[in-house]
Amino acid sequence: MDSIEIHDENKTILLYKIINDLPAPPQEIIDSIDVTYKPTINDYGLDNQRHLKNWNGKNAIAPVNRRVKHELFETWVKNNITTEFNDCGVNYVLNVNSGPTSTGGHTDGTRNFVLLYPILQGGEHAMLTFWKEEGHSIIRPRVTWGEDFTKLRMLGQVKLPEGKWLLNHTNVIHSVENLFSTRINLQISLNEHPWK
């Protein structure tokens, strides 16, 4: 499915949309990403460790999420995608657990939307997953944690498309499920959705 929209409180809310007509980053940029790198600093936004409750029957520590600057990619984005972004760079989700794990439900702290371009998926079954927390609307404030699995209802899932951009609404609680290894994406953080 190329997109999912949900109706909530008389509004239509985009969860995600594959953007087919944006150019792929050049191979030079993709080749410059160190897939073995384990960053210790998050160049953008929040940097914390979250503890998940009742997540697939267990309590766990969520994998570490790090966003790092990439000047070549940022210059390319300005010339080929948009100049109206908050930041852009490489996102690493470093799996610290054995077996399948989850990033845990959350909304992002520095953006309302993000364009994702996959470099490593984090395993063949890793899925970007969207949630609604009981007693709350679908759109949530930035930095909302949905860490107790028993209070969440799944709205939809998508595997990132290879060789394409996916727009994700980051004010909807979301997680990545079934992570088995490091996940790496190119990301462009946005306040507005320019591809309606």
# chains A, B, ... in the order shown; residues from 1 in each chain; ligands from 1
$ closest_atom_pairs --of "range 90-181 of chain A" --to "range 31-53 of chain A" --cutoff "9 Å" --atoms "only C-alpha atoms" --output "JSON lines"
{"residue": "A:Val90", "atom": "CA", "partner": "A:Ile33", "partner_atom": "CA", "distance": 7.9}
{"residue": "A:Tyr92", "atom": "CA", "partner": "A:Pro39", "partner_atom": "CA", "distance": 7.7}
{"residue": "A:Leu94", "atom": "CA", "partner": "A:Lys38", "partner_atom": "CA", "distance": 7.2}
{"residue": "A:Ser102", "atom": "CA", "partner": "A:Leu52", "partner_atom": "CA", "distance": 8.7}
{"residue": "A:Thr103", "atom": "CA", "partner": "A:Arg50", "partner_atom": "CA", "distance": 8.6}
{"residue": "A:Gly104", "atom": "CA", "partner": "A:Leu52", "partner_atom": "CA", "distance": 6.3}
{"residue": "A:Gly105", "atom": "CA", "partner": "A:Leu52", "partner_atom": "CA", "distance": 8.7}
{"residue": "A:Asp108", "atom": "CA", "partner": "A:Gly45", "partner_atom": "CA", "distance": 8.5}
{"residue": "A:Gly109", "atom": "CA", "partner": "A:Gly45", "partner_atom": "CA", "distance": 6.2}
{"residue": "A:Thr110", "atom": "CA", "partner": "A:Gly45", "partner_atom": "CA", "distance": 5.8}
{"residue": "A:Ile119", "atom": "CA", "partner": "A:Val35", "partner_atom": "CA", "distance": 8.4}
{"residue": "A:Leu120", "atom": "CA", "partner": "A:Val35", "partner_atom": "CA", "distance": 8.0}
{"residue": "A:Val143", "atom": "CA", "partner": "A:Leu46", "partner_atom": "CA", "distance": 8.6}
{"residue": "A:Trp145", "atom": "CA", "partner": "A:Arg50", "partner_atom": "CA", "distance": 8.6}
{"residue": "A:Gly146", "atom": "CA", "partner": "A:Leu52", "partner_atom": "CA", "distance": 8.6}
{"residue": "A:Glu147", "atom": "CA", "partner": "A:Leu52", "partner_atom": "CA", "distance": 4.9}
{"residue": "A:Asp148", "atom": "CA", "partner": "A:Lys53", "partner_atom": "CA", "distance": 4.7}
{"residue": "A:Phe149", "atom": "CA", "partner": "A:Lys53", "partner_atom": "CA", "distance": 6.4}
{"residue": "A:Thr150", "atom": "CA", "partner": "A:Lys53", "partner_atom": "CA", "distance": 8.3}
$ write_last_selection --atoms "N, CA and C atoms" --output "PDB file, in the first residue's frame"
ATOM      1  N   VAL A  90      21.883  11.217   8.835  1.00  0.00           N
ATOM      2  CA  VAL A  90      21.793   9.758   8.882  1.00  0.00           C
ATOM      3  C   VAL A  90      21.283   9.352  10.260  1.00  0.00           C
ATOM      4  N   TYR A  92      20.683   6.267  12.935  1.00  0.00           N
ATOM      5  CA  TYR A  92      21.094   4.912  13.318  1.00  0.00           C
ATOM      6  C   TYR A  92      20.210   4.463  14.472  1.00  0.00           C
ATOM      7  N   LEU A  94      20.462   1.505  16.975  1.00  0.00           N
ATOM      8  CA  LEU A  94      21.439   0.498  17.372  1.00  0.00           C
ATOM      9  C   LEU A  94      20.782  -0.515  18.292  1.00  0.00           C
ATOM     10  N   SER A 102      11.801  -3.843  19.716  1.00  0.00           N
ATOM     11  CA  SER A 102      11.002  -2.702  19.280  1.00  0.00           C
ATOM     12  C   SER A 102      11.666  -1.418  19.751  1.00  0.00           C
ATOM     13  N   THR A 103      11.518  -0.360  18.970  1.00  0.00           N
ATOM     14  CA  THR A 103      11.953   0.960  19.437  1.00  0.00           C
ATOM     15  C   THR A 103      10.993   1.505  20.482  1.00  0.00           C
ATOM     16  N   GLY A 104       9.815   0.898  20.608  1.00  0.00           N
ATOM     17  CA  GLY A 104       8.795   1.397  21.526  1.00  0.00           C
ATOM     18  C   GLY A 104       8.051   2.573  20.924  1.00  0.00           C
ATOM     19  N   GLY A 105       6.804   2.722  21.297  1.00  0.00           N
ATOM     20  CA  GLY A 105       5.972   3.788  20.762  1.00  0.00           C
ATOM     21  C   GLY A 105       6.433   5.162  21.237  1.00  0.00           C
ATOM     22  N   ASP A 108       8.120  12.059  17.778  1.00  0.00           N
ATOM     23  CA  ASP A 108       9.451  12.659  17.695  1.00  0.00           C
ATOM     24  C   ASP A 108       9.482  14.016  18.386  1.00  0.00           C
ATOM     25  N   GLY A 109      10.683  14.481  18.686  1.00  0.00           N
ATOM     26  CA  GLY A 109      10.828  15.712  19.452  1.00  0.00           C
ATOM     27  C   GLY A 109      11.158  16.946  18.651  1.00  0.00           C
ATOM     28  N   THR A 110      11.551  16.791  17.377  1.00  0.00           N
ATOM     29  CA  THR A 110      12.044  17.954  16.626  1.00  0.00           C
ATOM     30  C   THR A 110      11.349  18.168  15.293  1.00  0.00           C
ATOM     31  N   ILE A 119      18.740   2.602   4.219  1.00  0.00           N
ATOM     32  CA  ILE A 119      20.063   2.088   3.882  1.00  0.00           C
ATOM     33  C   ILE A 119      20.163   0.645   4.382  1.00  0.00           C
ATOM     34  N   LEU A 120      19.858   0.431   5.660  1.00  0.00           N
ATOM     35  CA  LEU A 120      19.702  -0.911   6.238  1.00  0.00           C
ATOM     36  C   LEU A 120      18.370  -0.944   6.973  1.00  0.00           C
ATOM     37  N   VAL A 143       7.342  14.488  21.648  1.00  0.00           N
ATOM     38  CA  VAL A 143       7.936  13.834  22.820  1.00  0.00           C
ATOM     39  C   VAL A 143       6.853  13.189  23.702  1.00  0.00           C
ATOM     40  N   TRP A 145       5.583   9.540  24.927  1.00  0.00           N
ATOM     41  CA  TRP A 145       6.020   8.148  24.967  1.00  0.00           C
ATOM     42  C   TRP A 145       4.800   7.239  25.064  1.00  0.00           C
ATOM     43  N   GLY A 146       4.753   6.232  24.218  1.00  0.00           N
ATOM     44  CA  GLY A 146       3.760   5.172  24.314  1.00  0.00           C
ATOM     45  C   GLY A 146       4.487   3.894  24.674  1.00  0.00           C
ATOM     46  N   GLU A 147       4.959   3.817  25.899  1.00  0.00           N
ATOM     47  CA  GLU A 147       5.878   2.745  26.289  1.00  0.00           C
ATOM     48  C   GLU A 147       5.184   1.505  26.839  1.00  0.00           C
ATOM     49  N   ASP A 148       3.882   1.624  27.182  1.00  0.00           N
ATOM     50  CA  ASP A 148       3.149   0.468  27.718  1.00  0.00           C
ATOM     51  C   ASP A 148       2.303  -0.128  26.596  1.00  0.00           C
ATOM     52  N   PHE A 149       2.742  -1.279  26.127  1.00  0.00           N
ATOM     53  CA  PHE A 149       2.125  -1.921  24.973  1.00  0.00           C
ATOM     54  C   PHE A 149       0.641  -2.216  25.191  1.00  0.00           C
ATOM     55  N   THR A 150       0.237  -2.485  26.443  1.00  0.00           N
ATOM     56  CA  THR A 150      -1.148  -2.870  26.701  1.00  0.00           C
ATOM     57  C   THR A 150      -2.113  -1.713  26.464  1.00  0.00           C
TER      58      THR A 150
END
$ select_by_dssp --residues "range 54-136 of chain A" --states "alpha helix (DSSP H)" --output "CSV table (one decimal) with C-alpha atoms, in the first residue's frame"
chain,number,residue,atom,x,y,z
A,71,GLU,CA,27.1,17.6,5.1
A,72,LEU,CA,27.2,16.0,1.6
A,73,PHE,CA,23.7,14.7,2.0
A,74,GLU,CA,22.4,18.1,3.4
A,75,THR,CA,23.8,19.9,0.3
A,76,TRP,CA,22.2,17.4,-2.0
A,77,VAL,CA,18.8,17.7,-0.2
A,78,LYS,CA,18.9,21.5,-0.6
A,79,ASN,CA,19.7,21.2,-4.4
A,80,ASN,CA,17.3,18.3,-5.2
$ residues_around --residues "range 160-175 of chain A" --least-positions-apart "6" --cutoff "7 Å" --atoms "only C-alpha atoms" --output "count of residues only"
34
$ closest_residue --among "A:Gly123, A:Pro23, A:Val176, A:Val158" --to "Ala62 in chain A" --atoms "only C-alpha atoms"
A:Val176
$ atom_distance --atom1 "CA of Asn185 in chain A" --atom2 "CA of Ile81 in chain A"
16.1 Å
$ residues_around --residues "Thr101 in chain A" --least-positions-apart "5" --cutoff "10 Å" --atoms "only C-alpha atoms" --output "list of chain:residue names"
A:Trp55, A:Asn56, A:Ala60, A:Ile61, A:Ala62, A:Pro63, A:Asn95, A:Val96, A:Ala126, A:Val176, A:Glu177, A:Asn178, A:Leu179, A:Phe180, A:Ser181
$ write_last_selection --atoms "N, CA and C atoms" --output "compact mmCIF listing (two decimals), in the first residue's frame"
# COMPACT_ATOMS: atom_id res chain seq x y z
N TRP A 55 5.98 -5.07 26.55
CA TRP A 55 6.16 -5.05 25.10
C TRP A 55 6.40 -6.47 24.61
N ASN A 56 5.40 -7.01 23.91
CA ASN A 56 5.46 -8.40 23.45
C ASN A 56 5.76 -9.35 24.61
N ALA A 60 11.64 -4.21 28.44
CA ALA A 60 12.92 -4.17 27.76
C ALA A 60 13.40 -2.73 27.64
N ILE A 61 14.67 -2.58 27.36
CA ILE A 61 15.23 -1.28 27.03
C ILE A 61 15.13 -1.10 25.52
N ALA A 62 14.61 0.04 25.08
CA ALA A 62 14.48 0.31 23.65
C ALA A 62 15.86 0.51 23.03
N PRO A 63 16.04 0.12 21.77
CA PRO A 63 17.31 0.35 21.09
C PRO A 63 17.66 1.85 21.07
N ASN A 95 20.57 -1.71 17.80
CA ASN A 95 19.88 -2.75 18.55
C ASN A 95 20.80 -3.31 19.64
N VAL A 96 20.41 -3.13 20.89
CA VAL A 96 21.21 -3.62 22.01
C VAL A 96 20.64 -4.92 22.58
N ALA A 126 11.52 -6.02 9.73
CA ALA A 126 11.35 -4.76 10.47
C ALA A 126 10.25 -3.94 9.83
N VAL A 176 9.37 1.04 15.50
CA VAL A 176 9.83 0.04 14.54
C VAL A 176 9.79 -1.29 15.27
N GLU A 177 9.06 -2.24 14.69
CA GLU A 177 8.89 -3.57 15.28
C GLU A 177 9.74 -4.60 14.52
N ASN A 178 10.06 -5.68 15.23
CA ASN A 178 10.80 -6.81 14.66
C ASN A 178 12.21 -6.43 14.22
N LEU A 179 12.87 -5.59 15.01
CA LEU A 179 14.26 -5.25 14.73
C LEU A 179 15.17 -6.39 15.17
N PHE A 180 16.03 -6.82 14.27
CA PHE A 180 17.01 -7.84 14.60
C PHE A 180 18.43 -7.31 14.54
N SER A 181 18.63 -6.16 13.89
CA SER A 181 19.98 -5.63 13.70
C SER A 181 19.89 -4.12 13.55
$ select_by_dssp --residues "range 60-146 of chain A" --states "strand (DSSP E or B)" --output "PyMOL selection string"
chain A and resi 60-61+64-69+87-94+101+105-106+113-121+127-133+139+145-146
$ closest_residue --among "A:Thr82, A:Gln121, A:Thr182, A:Asn54" --to "Trp195 in chain A" --atoms "only C-alpha atoms"
A:Thr82
$ atom_distance --atom1 "CA of His136 in chain A" --atom2 "CA of Leu152 in chain A"
10.1 Å
$ closest_residue --among "A:Val64, A:Ile29, A:Ile6, A:Leu22" --to "Ser137 in chain A" --atoms "only C-alpha atoms"
A:Ile6
$ closest_residue --among "A:Glu133, A:Asn86, A:Glu28, A:Asn10" --to "Leu155 in chain A" --atoms "only C-alpha atoms"
A:Glu133
$ closest_residue --among "A:Glu124, A:Asp21, A:Asp87, A:His7" --to "His70 in chain A" --atoms "only C-alpha atoms"
A:Asp87
$ atom_distance --atom1 "CA of Met127 in chain A" --atom2 "CA of Asp8 in chain A"
23.0 Å
